[in-house]
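Enquirer: My file is coords-v5.cif. It has mmCIF, C-alpha atoms and all ligand atoms; chains and numbers go by the auth columns:
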data_target
loop_
_atom_site.group_PDB
_atom_site.id
_atom_site.type_symbol
_atom_site.label_atom_id
_atom_site.label_comp_id
_atom_site.label_asym_id
_atom_site.label_seq_id
_atom_site.Cartn_x
_atom_site.Cartn_y
_atom_site.Cartn_z
_atom_site.B_iso_or_equiv
_atom_site.auth_seq_id
_atom_site.auth_asym_id
ATOM 1 C CA MET A 1 0.000 0.000 0.000 0.00 1 A
ATOM 2 C CA ASN A 2 1.227 3.493 -0.829 0.00 2 A
ATOM 3 C CA ILE A 3 1.383 5.963 2.032 0.00 3 A
ATOM 4 C CA LEU A 4 1.905 9.720 2.154 0.00 4 A
ATOM 5 C CA ALA A 5 3.852 10.926 5.200 0.00 5 A
ATOM 6 C CA PRO A 6 3.972 14.740 5.274 0.00 6 A
ATOM 7 C CA SER A 7 6.983 16.060 7.190 0.00 7 A
ATOM 8 C CA ILE A 8 6.122 18.731 9.756 0.00 8 A
ATOM 9 C CA LEU A 9 9.601 20.178 9.372 0.00 9 A
ATOM 10 C CA ALA A 10 8.023 22.261 6.591 0.00 10 A
ATOM 11 C CA ALA A 11 4.831 23.066 8.526 0.00 11 A
ATOM 12 C CA ASP A 12 4.012 26.274 10.381 0.00 12 A
ATOM 13 C CA CYS A 13 5.367 25.365 13.817 0.00 13 A
ATOM 14 C CA SER A 14 3.324 28.084 15.526 0.00 14 A
ATOM 15 C CA ARG A 15 0.187 26.040 14.749 0.00 15 A
ATOM 16 C CA LEU A 16 1.256 22.435 14.388 0.00 16 A
ATOM 17 C CA GLY A 17 -2.011 21.037 15.760 0.00 17 A
ATOM 18 C CA GLU A 18 -4.006 22.813 13.049 0.00 18 A
ATOM 19 C CA GLU A 19 -1.550 21.670 10.392 0.00 19 A
ATOM 20 C CA LEU A 20 -2.086 18.046 11.435 0.00 20 A
ATOM 21 C CA GLU A 21 -5.840 18.527 11.343 0.00 21 A
ATOM 22 C CA THR A 22 -5.591 20.018 7.844 0.00 22 A
ATOM 23 C CA ILE A 23 -3.673 17.067 6.417 0.00 23 A
ATOM 24 C CA ARG A 24 -5.895 14.586 8.262 0.00 24 A
ATOM 25 C CA SER A 25 -9.000 16.137 6.738 0.00 25 A
ATOM 26 C CA ALA A 26 -7.352 15.774 3.315 0.00 26 A
ATOM 27 C CA GLY A 27 -7.108 11.988 3.832 0.00 27 A
ATOM 28 C CA VAL A 28 -3.578 11.691 5.251 0.00 28 A
ATOM 29 C CA GLN A 29 -2.964 8.910 7.804 0.00 29 A
ATOM 30 C CA TRP A 30 0.721 9.275 8.627 0.00 30 A
ATOM 31 C CA VAL A 31 2.801 12.238 9.762 0.00 31 A
ATOM 32 C CA HIS A 32 6.587 12.266 9.573 0.00 32 A
ATOM 33 C CA ILE A 33 8.384 13.837 12.533 0.00 33 A
ATOM 34 C CA ASP A 34 12.044 14.749 11.992 0.00 34 A
ATOM 35 C CA VAL A 35 14.090 14.803 15.185 0.00 35 A
ATOM 36 C CA MET A 36 17.546 16.395 14.761 0.00 36 A
ATOM 37 C CA ASP A 37 20.195 16.799 17.431 0.00 37 A
ATOM 38 C CA GLY A 38 22.714 19.199 15.872 0.00 38 A
ATOM 39 C CA VAL A 39 25.357 16.442 16.081 0.00 39 A
ATOM 40 C CA PHE A 40 24.324 13.619 13.767 0.00 40 A
ATOM 41 C CA VAL A 41 23.070 16.354 11.433 0.00 41 A
ATOM 42 C CA PRO A 42 24.082 20.032 11.574 0.00 42 A
ATOM 43 C CA SER A 43 20.566 21.246 12.279 0.00 43 A
ATOM 44 C CA LEU A 44 18.293 21.167 15.329 0.00 44 A
ATOM 45 C CA SER A 45 14.553 20.600 15.052 0.00 45 A
ATOM 46 C CA PHE A 46 12.185 19.353 17.738 0.00 46 A
ATOM 47 C CA GLY A 47 12.104 16.666 20.353 0.00 47 A
ATOM 48 C CA LEU A 48 10.035 14.961 23.011 0.00 48 A
ATOM 49 C CA PRO A 49 7.778 17.831 24.195 0.00 49 A
ATOM 50 C CA VAL A 50 6.551 18.438 20.638 0.00 50 A
ATOM 51 C CA VAL A 51 5.750 14.761 20.094 0.00 51 A
ATOM 52 C CA GLN A 52 3.943 14.605 23.453 0.00 52 A
ATOM 53 C CA SER A 53 1.875 17.703 22.712 0.00 53 A
ATOM 54 C CA LEU A 54 0.906 16.542 19.243 0.00 54 A
ATOM 55 C CA ARG A 55 -0.065 13.105 20.540 0.00 55 A
ATOM 56 C CA LYS A 56 -2.716 14.789 22.707 0.00 56 A
ATOM 57 C CA VAL A 57 -4.401 16.424 19.722 0.00 57 A
ATOM 58 C CA SER A 58 -3.928 13.894 16.917 0.00 58 A
ATOM 59 C CA ASP A 59 -4.668 10.262 16.113 0.00 59 A
ATOM 60 C CA LEU A 60 -2.423 10.253 13.049 0.00 60 A
ATOM 61 C CA TYR A 61 0.252 7.560 12.827 0.00 61 A
ATOM 62 C CA PHE A 62 3.449 9.175 14.130 0.00 62 A
ATOM 63 C CA ASP A 63 6.384 8.179 11.942 0.00 63 A
ATOM 64 C CA VAL A 64 9.333 9.426 13.990 0.00 64 A
ATOM 65 C CA HIS A 65 12.653 9.811 12.147 0.00 65 A
ATOM 66 C CA LEU A 66 15.529 10.082 14.602 0.00 66 A
ATOM 67 C CA MET A 67 18.497 11.913 13.130 0.00 67 A
ATOM 68 C CA ILE A 68 20.434 11.676 16.380 0.00 68 A
ATOM 69 C CA THR A 69 23.558 10.030 17.727 0.00 69 A
ATOM 70 C CA ASP A 70 23.111 7.172 20.184 0.00 70 A
ATOM 71 C CA PRO A 71 19.432 6.514 19.366 0.00 71 A
ATOM 72 C CA LEU A 72 19.225 3.703 21.934 0.00 72 A
ATOM 73 C CA ARG A 73 19.300 6.296 24.701 0.00 73 A
ATOM 74 C CA TYR A 74 15.977 7.826 23.621 0.00 74 A
ATOM 75 C CA ILE A 75 13.864 4.925 22.354 0.00 75 A
ATOM 76 C CA HIS A 76 11.860 4.523 25.543 0.00 76 A
ATOM 77 C CA GLU A 77 11.162 8.249 25.758 0.00 77 A
ATOM 78 C CA PHE A 78 9.975 8.608 22.172 0.00 78 A
ATOM 79 C CA ALA A 79 7.799 5.527 22.557 0.00 79 A
ATOM 80 C CA GLN A 80 6.266 7.010 25.709 0.00 80 A
ATOM 81 C CA ALA A 81 5.811 10.366 24.003 0.00 81 A
ATOM 82 C CA GLY A 82 3.570 8.794 21.379 0.00 82 A
ATOM 83 C CA ALA A 83 5.606 7.492 18.443 0.00 83 A
ATOM 84 C CA ASP A 84 3.961 4.678 16.466 0.00 84 A
ATOM 85 C CA SER A 85 7.061 3.905 14.465 0.00 85 A
ATOM 86 C CA ILE A 86 10.647 4.781 15.326 0.00 86 A
ATOM 87 C CA THR A 87 13.286 4.994 12.619 0.00 87 A
ATOM 88 C CA PHE A 88 16.945 5.326 13.571 0.00 88 A
ATOM 89 C CA HIS A 89 20.014 5.773 11.394 0.00 89 A
ATOM 90 C CA LEU A 90 22.202 2.743 10.792 0.00 90 A
ATOM 91 C CA GLU A 91 25.208 5.099 10.809 0.00 91 A
ATOM 92 C CA ALA A 92 24.336 6.335 14.306 0.00 92 A
ATOM 93 C CA ALA A 93 23.824 3.002 16.051 0.00 93 A
ATOM 94 C CA GLU A 94 26.686 1.183 17.711 0.00 94 A
ATOM 95 C CA ASP A 95 24.627 -2.002 17.893 0.00 95 A
ATOM 96 C CA PRO A 96 21.638 -1.839 15.520 0.00 96 A
ATOM 97 C CA ASP A 97 20.236 -5.137 16.837 0.00 97 A
ATOM 98 C CA GLU A 98 20.019 -3.700 20.307 0.00 98 A
ATOM 99 C CA VAL A 99 18.141 -0.643 19.056 0.00 99 A
ATOM 100 C CA ILE A 100 15.745 -2.876 17.115 0.00 100 A
ATOM 101 C CA ARG A 101 15.100 -4.959 20.235 0.00 101 A
ATOM 102 C CA SER A 102 14.516 -1.849 22.303 0.00 102 A
ATOM 103 C CA ILE A 103 11.898 -0.502 19.841 0.00 103 A
ATOM 104 C CA ARG A 104 10.188 -3.924 19.728 0.00 104 A
ATOM 105 C CA THR A 105 10.122 -4.074 23.528 0.00 105 A
ATOM 106 C CA GLU A 106 8.201 -0.805 23.460 0.00 106 A
ATOM 107 C CA GLY A 107 5.706 -2.395 21.066 0.00 107 A
ATOM 108 C CA LYS A 108 6.453 0.047 18.247 0.00 108 A
ATOM 109 C CA ASN A 109 7.211 -0.467 14.582 0.00 109 A
ATOM 110 C CA VAL A 110 10.875 -0.447 13.613 0.00 110 A
ATOM 111 C CA GLY A 111 12.547 1.535 10.859 0.00 111 A
ATOM 112 C CA ILE A 112 16.186 1.831 9.813 0.00 112 A
ATOM 113 C CA SER A 113 17.428 4.691 7.691 0.00 113 A
ATOM 114 C CA ILE A 114 20.511 4.985 5.521 0.00 114 A
ATOM 115 C CA LYS A 115 22.103 8.183 4.251 0.00 115 A
ATOM 116 C CA PRO A 116 22.814 8.591 0.504 0.00 116 A
ATOM 117 C CA GLY A 117 26.455 7.539 0.955 0.00 117 A
ATOM 118 C CA THR A 118 25.759 4.308 2.850 0.00 118 A
ATOM 119 C CA PRO A 119 25.685 1.202 0.624 0.00 119 A
ATOM 120 C CA VAL A 120 22.298 -0.544 0.613 0.00 120 A
ATOM 121 C CA GLU A 121 24.029 -3.869 1.314 0.00 121 A
ATOM 122 C CA LYS A 122 24.907 -2.654 4.826 0.00 122 A
ATOM 123 C CA VAL A 123 21.263 -2.737 5.841 0.00 123 A
ATOM 124 C CA LEU A 124 20.448 -6.123 4.294 0.00 124 A
ATOM 125 C CA PRO A 125 21.346 -8.158 7.416 0.00 125 A
ATOM 126 C CA TYR A 126 18.545 -6.356 9.286 0.00 126 A
ATOM 127 C CA LEU A 127 15.757 -6.648 6.718 0.00 127 A
ATOM 128 C CA GLU A 128 14.085 -9.607 8.425 0.00 128 A
ATOM 129 C CA LYS A 129 13.808 -7.657 11.672 0.00 129 A
ATOM 130 C CA ILE A 130 12.348 -4.342 10.533 0.00 130 A
ATOM 131 C CA ASP A 131 9.051 -2.943 9.252 0.00 131 A
ATOM 132 C CA LEU A 132 10.444 -0.054 7.241 0.00 132 A
ATOM 133 C CA LEU A 133 13.605 0.857 5.387 0.00 133 A
ATOM 134 C CA LEU A 134 14.070 4.606 4.951 0.00 134 A
ATOM 135 C CA ILE A 135 16.327 5.446 2.042 0.00 135 A
ATOM 136 C CA MET A 136 17.351 9.088 2.338 0.00 136 A
ATOM 137 C CA THR A 137 17.072 10.748 -1.052 0.00 137 A
ATOM 138 C CA VAL A 138 18.927 13.885 0.150 0.00 138 A
ATOM 139 C CA GLU A 139 21.609 14.361 2.804 0.00 139 A
ATOM 140 C CA PRO A 140 19.618 14.442 6.046 0.00 140 A
ATOM 141 C CA GLY A 141 19.429 17.733 7.886 0.00 141 A
ATOM 142 C CA PHE A 142 17.362 20.169 5.871 0.00 142 A
ATOM 143 C CA GLY A 143 14.098 20.325 3.978 0.00 143 A
ATOM 144 C CA GLY A 144 13.744 21.758 0.492 0.00 144 A
ATOM 145 C CA GLN A 145 16.754 20.035 -1.116 0.00 145 A
ATOM 146 C CA ALA A 146 16.827 18.468 -4.587 0.00 146 A
ATOM 147 C CA TYR A 147 16.308 14.708 -5.020 0.00 147 A
ATOM 148 C CA ILE A 148 19.603 12.854 -5.545 0.00 148 A
ATOM 149 C CA GLU A 149 19.178 10.947 -8.821 0.00 149 A
ATOM 150 C CA ALA A 150 21.410 8.060 -7.755 0.00 150 A
ATOM 151 C CA SER A 151 18.730 7.202 -5.167 0.00 151 A
ATOM 152 C CA THR A 152 16.531 5.612 -7.810 0.00 152 A
ATOM 153 C CA GLU A 153 18.865 2.642 -8.281 0.00 153 A
ATOM 154 C CA ARG A 154 19.229 2.310 -4.500 0.00 154 A
ATOM 155 C CA ILE A 155 15.447 2.031 -4.116 0.00 155 A
ATOM 156 C CA ARG A 156 15.407 -0.686 -6.793 0.00 156 A
ATOM 157 C CA GLU A 157 18.251 -2.547 -5.119 0.00 157 A
ATOM 158 C CA ALA A 158 16.407 -2.505 -1.783 0.00 158 A
ATOM 159 C CA GLY A 159 13.192 -3.622 -3.487 0.00 159 A
ATOM 160 C CA ARG A 160 14.934 -6.582 -5.080 0.00 160 A
ATOM 161 C CA ALA A 161 16.484 -7.652 -1.774 0.00 161 A
ATOM 162 C CA ILE A 162 13.133 -7.435 0.013 0.00 162 A
ATOM 163 C CA ALA A 163 11.349 -9.390 -2.730 0.00 163 A
ATOM 164 C CA GLU A 164 14.055 -12.086 -2.843 0.00 164 A
ATOM 165 C CA ARG A 165 13.529 -12.692 0.853 0.00 165 A
ATOM 166 C CA GLY A 166 9.749 -12.699 0.513 0.00 166 A
ATOM 167 C CA LEU A 167 9.410 -9.868 3.046 0.00 167 A
ATOM 168 C CA ALA A 168 6.855 -7.072 3.360 0.00 168 A
ATOM 169 C CA VAL A 169 9.175 -4.269 4.460 0.00 169 A
ATOM 170 C CA ASN A 170 7.991 -0.771 3.547 0.00 170 A
ATOM 171 C CA ILE A 171 10.413 1.296 1.490 0.00 171 A
ATOM 172 C CA GLU A 172 10.259 4.933 2.557 0.00 172 A
ATOM 173 C CA VAL A 173 11.919 7.819 0.725 0.00 173 A
ATOM 174 C CA ASP A 174 12.646 11.207 2.236 0.00 174 A
ATOM 175 C CA GLY A 175 13.961 14.365 0.624 0.00 175 A
ATOM 176 C CA GLY A 176 13.120 16.170 -2.590 0.00 176 A
ATOM 177 C CA ILE A 177 9.921 14.186 -3.243 0.00 177 A
ATOM 178 C CA ASN A 178 7.384 16.307 -5.123 0.00 178 A
ATOM 179 C CA ARG A 179 5.163 16.353 -8.228 0.00 179 A
ATOM 180 C CA LYS A 180 8.242 16.015 -10.443 0.00 180 A
ATOM 181 C CA THR A 181 9.955 13.110 -8.678 0.00 181 A
ATOM 182 C CA ILE A 182 6.970 11.127 -7.393 0.00 182 A
ATOM 183 C CA ASP A 183 6.622 8.877 -10.449 0.00 183 A
ATOM 184 C CA THR A 184 10.314 7.992 -10.415 0.00 184 A
ATOM 185 C CA VAL A 185 10.307 6.808 -6.794 0.00 185 A
ATOM 186 C CA LEU A 186 7.003 4.940 -7.140 0.00 186 A
ATOM 187 C CA GLU A 187 8.233 3.131 -10.235 0.00 187 A
ATOM 188 C CA ALA A 188 11.463 2.237 -8.459 0.00 188 A
ATOM 189 C CA GLY A 189 9.434 0.611 -5.669 0.00 189 A
ATOM 190 C CA ALA A 190 9.117 3.104 -2.819 0.00 190 A
ATOM 191 C CA ASN A 191 5.727 2.977 -1.076 0.00 191 A
ATOM 192 C CA VAL A 192 6.018 5.436 1.835 0.00 192 A
ATOM 193 C CA LEU A 193 6.668 8.946 0.568 0.00 193 A
ATOM 194 C CA VAL A 194 7.810 11.676 2.945 0.00 194 A
ATOM 195 C CA MET A 195 7.091 15.190 1.720 0.00 195 A
ATOM 196 C CA GLY A 196 7.827 18.436 3.466 0.00 196 A
ATOM 197 C CA SER A 197 7.836 21.435 1.164 0.00 197 A
ATOM 198 C CA ALA A 198 5.646 19.742 -1.459 0.00 198 A
ATOM 199 C CA VAL A 199 2.761 19.492 1.027 0.00 199 A
ATOM 200 C CA PHE A 200 3.062 22.323 3.546 0.00 200 A
ATOM 201 C CA GLY A 201 2.983 25.982 2.599 0.00 201 A
ATOM 202 C CA ASN A 202 0.557 27.351 0.076 0.00 202 A
ATOM 203 C CA ASP A 203 -2.649 25.383 0.019 0.00 203 A
ATOM 204 C CA THR A 204 -1.635 22.523 2.284 0.00 204 A
ATOM 205 C CA PHE A 205 -5.086 20.924 2.108 0.00 205 A
ATOM 206 C CA HIS A 206 -5.153 20.669 -1.682 0.00 206 A
ATOM 207 C CA ASN A 207 -1.529 19.552 -1.914 0.00 207 A
ATOM 208 C CA ALA A 208 -2.162 16.756 0.580 0.00 208 A
ATOM 209 C CA GLN A 209 -5.389 15.755 -1.139 0.00 209 A
ATOM 210 C CA TRP A 210 -3.684 15.648 -4.541 0.00 210 A
ATOM 211 C CA PHE A 211 -0.870 13.395 -3.297 0.00 211 A
ATOM 212 C CA VAL A 212 -3.227 11.101 -1.375 0.00 212 A
ATOM 213 C CA GLN A 213 -5.277 10.614 -4.528 0.00 213 A
ATOM 214 C CA LYS A 214 -2.184 10.129 -6.672 0.00 214 A
ATOM 215 C CA LEU A 215 -0.819 7.471 -4.312 0.00 215 A
ATOM 216 C CA GLY A 216 -4.200 5.723 -4.171 0.00 216 A
ATOM 217 C CA GLU A 217 -4.343 5.523 -7.958 0.00 217 A
ATOM 218 C CA ALA A 218 -0.796 4.137 -8.096 0.00 218 A
ATOM 219 C CA ASP A 219 -1.583 1.358 -5.596 0.00 219 A
HETATM 220 C C1 LIG B . 15.498 15.945 5.870 0.00 301 B
HETATM 221 C C2 LIG B . 14.222 15.477 6.522 0.00 301 B
HETATM 222 C C3 LIG B . 13.051 15.476 5.611 0.00 301 B
HETATM 223 C C4 LIG B . 12.604 16.801 5.093 0.00 301 B
HETATM 224 C C5 LIG B . 12.059 16.604 3.702 0.00 301 B
HETATM 225 O O1 LIG B . 16.569 15.681 6.733 0.00 301 B
HETATM 226 O O2 LIG B . 14.410 14.153 7.004 0.00 301 B
HETATM 227 O O3 LIG B . 11.962 14.791 6.190 0.00 301 B
HETATM 228 O O4 LIG B . 11.646 17.404 5.901 0.00 301 B
HETATM 229 O O5 LIG B . 11.784 17.828 3.148 0.00 301 B
HETATM 230 P P1 LIG B . 11.438 18.069 1.619 0.00 301 B
HETATM 231 O O6 LIG B . 10.269 17.200 1.272 0.00 301 B
HETATM 232 O O7 LIG B . 11.097 19.513 1.574 0.00 301 B
HETATM 233 O O8 LIG B . 12.662 17.708 0.826 0.00 301 B
HETATM 234 ZN ZN ZN B . 12.761 12.635 7.675 0.00 302 B
#
Rewrite the coordinates I just gave you, this time as structure tokens.
Expert:
Amino acid sequence: MNILAPSILAADCSRLGEELETIRSAGVQWVHIDVMDGVFVPSLSFGLPVVQSLRKVSDLYFDVHLMITDPLRYIHEFAQAGADSITFHLEAAEDPDEVIRSIRTEGKNVGISIKPGTPVEKVLPYLEKIDLLLIMTVEPGFGGQAYIEASTERIREAGRAIAERGLAVNIEVDGGINRKTIDTVLEAGANVLVMGSAVFGNDTFHNAQWFVQKLGEAD
């Protein structure tokens, strides 16, 4: 199933609750929450208090993307705060298996992300243990960047590996996904599409509605 996951990094942070309600009313079911620590990536974004506050006002599926060093340290807290799925970076985890176990213990869905420079084969040993593989299609850290073309082959490679193993792992893409690049990533085999600037901003409702419909038709 294809899923749209708007990234609130591009939303109006002075009224995040309303932004979530707008996308929900347009048919969106997931929201992507980018947590940045200023160490794993140069930028800072938001953390636990924002997730907690949003959980109180929204039933959307919270797809939390941790761009932080030592993710193990915060799994319990993000689970408690209201994450439905927790994605950590392979590059940031000393012992990825331990992080996976910790997320499972919390009863949440598990995602692993790889940056554009990390070979897809590095994540293959974990495929059986995860629900989602997030292939970054820009360098993590900032919204509004251009899609890295070399990502297309990486999505295909991941899709082949998942199919060969007979698994049902979601392939998520994040960065530079918009009306121009959507067909490319869908054709390559991605099924969870993160979008920041393509959804939020001018006419958020109609943007979200357009992408939800587009993804439904492509299913
Ligand atoms: C980048 C973040 C993305 C970002 C995507 O580090 O992980 O989720 O918000 O933004 P756009 O869709 O504008 O490229
Ligand atoms: Zn993200």
Enquirer: Please, which residues in chain A fall within 8 Å of ligand LIG 301 (chain B) when counting all atoms listed in the file, and what is the closest atom pair and distance in Å to one decimal for each, ordered by chain then residue number, as a tab-separated table?
Expert:
residue	atom	partner	partner_atom	distance
A:Pro6	CA	B:LIG301	O6	7.9
A:Ser7	CA	B:LIG301	O4	5.0
A:Ile8	CA	B:LIG301	O4	6.9
A:Leu9	CA	B:LIG301	O4	4.9
A:Ala10	CA	B:LIG301	O4	6.1
A:His32	CA	B:LIG301	O3	6.8
A:Ile33	CA	B:LIG301	O3	7.3
A:Asp34	CA	B:LIG301	O2	5.6
A:His65	CA	B:LIG301	O2	7.0
A:Met67	CA	B:LIG301	O1	7.7
A:Met136	CA	B:LIG301	O2	7.5
A:Val138	CA	B:LIG301	C1	7.0
A:Glu139	CA	B:LIG301	O1	6.5
A:Pro140	CA	B:LIG301	O1	3.4
A:Gly141	CA	B:LIG301	O1	3.7
A:Phe142	CA	B:LIG301	C1	4.6
A:Gly143	CA	B:LIG301	O5	3.5
A:Gly144	CA	B:LIG301	O7	3.6
A:Gln145	CA	B:LIG301	O8	5.1
A:Ala146	CA	B:LIG301	O8	6.9
A:Tyr147	CA	B:LIG301	O8	7.5
A:Asp174	CA	B:LIG301	O3	5.4
A:Gly175	CA	B:LIG301	O8	3.6
A:Gly176	CA	B:LIG301	O8	3.8
A:Ile177	CA	B:LIG301	O6	5.4
A:Asn178	CA	B:LIG301	O6	7.1
A:Val194	CA	B:LIG301	O3	6.1
A:Met195	CA	B:LIG301	O6	3.8
A:Gly196	CA	B:LIG301	O6	3.5
A:Ser197	CA	B:LIG301	O7	3.8
A:Ala198	CA	B:LIG301	O6	5.9
A:Val199	CA	B:LIG301	O6	7.9
Enquirer: Name every residue that the PyMOL selection byres (((chain A and resi 149-165) around 8) and not hetatm) selects in this structure, writing the answer as a compact mmCIF listing (two decimals) with C-alpha atoms, in the coordinates of the input with chains first and numbers rising.
Expert:
# COMPACT_ATOMS: atom_id res chain seq x y z
CA PRO A 116 22.81 8.59 0.50
CA VAL A 120 22.30 -0.54 0.61
CA LEU A 124 20.45 -6.12 4.29
CA LEU A 127 15.76 -6.65 6.72
CA ILE A 135 16.33 5.45 2.04
CA MET A 136 17.35 9.09 2.34
CA THR A 137 17.07 10.75 -1.05
CA TYR A 147 16.31 14.71 -5.02
CA ILE A 148 19.60 12.85 -5.54
CA GLY A 166 9.75 -12.70 0.51
CA LEU A 167 9.41 -9.87 3.05
CA ALA A 168 6.86 -7.07 3.36
CA VAL A 169 9.18 -4.27 4.46
CA ILE A 171 10.41 1.30 1.49
CA THR A 184 10.31 7.99 -10.42
CA VAL A 185 10.31 6.81 -6.79
CA ALA A 188 11.46 2.24 -8.46
CA GLY A 189 9.43 0.61 -5.67
CA ALA A 190 9.12 3.10 -2.82
Enquirer: Translate the PyMOL selection byres (((chain A and resi 46) around 9) and not hetatm) into a concrete residue list for this structure, as a count of residues only.
Expert: 13
Enquirer: Which residue gives the smallest distance to ligand ZN 302 (chain B) among A:Val173, A:Cys13, A:Val123, A:Val28, with all atoms listed in the file counted?
Expert: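 Closest candidate: A:Val173.
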Enquirer: Hey, can I get the axis-aligned box for range 57-60 of chain A? All listed atoms, 4 Å padding on each side, centre and edge lengths in Å to one decimal, as AutoDock Vina command-line options.
Expert:
--center_x -3.5 --center_y 13.3 --center_z 16.4 --size_x 10.2 --size_y 14.2 --size_z 14.7
Enquirer: Please compute the CA of Phe211 in chain A-CA of Gly17 in chain A distance, one decimal, in Å.
Expert: 20.6 Å
Enquirer: The PyMOL selection byres (((chain A and resi 83-96) around 7) and not hetatm) on the file shown: which residues, as a short mmCIF file (atom, residue, chain, number, x, y, z; two decimals) with C-alpha atoms, in the coordinates of the input?
Expert:
data_model
loop_
_atom_site.label_atom_id
_atom_site.label_comp_id
_atom_site.auth_asym_id
_atom_site.auth_seq_id
_atom_site.Cartn_x
_atom_site.Cartn_y
_atom_site.Cartn_z
CA TYR A 61 0.25 7.56 12.83
CA PHE A 62 3.45 9.18 14.13
CA ASP A 63 6.38 8.18 11.94
CA VAL A 64 9.33 9.43 13.99
CA HIS A 65 12.65 9.81 12.15
CA LEU A 66 15.53 10.08 14.60
CA MET A 67 18.50 11.91 13.13
CA ILE A 68 20.43 11.68 16.38
CA THR A 69 23.56 10.03 17.73
CA ASP A 70 23.11 7.17 20.18
CA PRO A 71 19.43 6.51 19.37
CA PHE A 78 9.98 8.61 22.17
CA ALA A 79 7.80 5.53 22.56
CA ALA A 81 5.81 10.37 24.00
CA GLY A 82 3.57 8.79 21.38
CA ASP A 97 20.24 -5.14 16.84
CA GLU A 98 20.02 -3.70 20.31
CA VAL A 99 18.14 -0.64 19.06
CA ILE A 100 15.74 -2.88 17.11
CA LYS A 108 6.45 0.05 18.25
CA ASN A 109 7.21 -0.47 14.58
CA VAL A 110 10.88 -0.45 13.61
CA GLY A 111 12.55 1.54 10.86
CA ILE A 112 16.19 1.83 9.81
CA SER A 113 17.43 4.69 7.69
CA ILE A 114 20.51 4.99 5.52
#
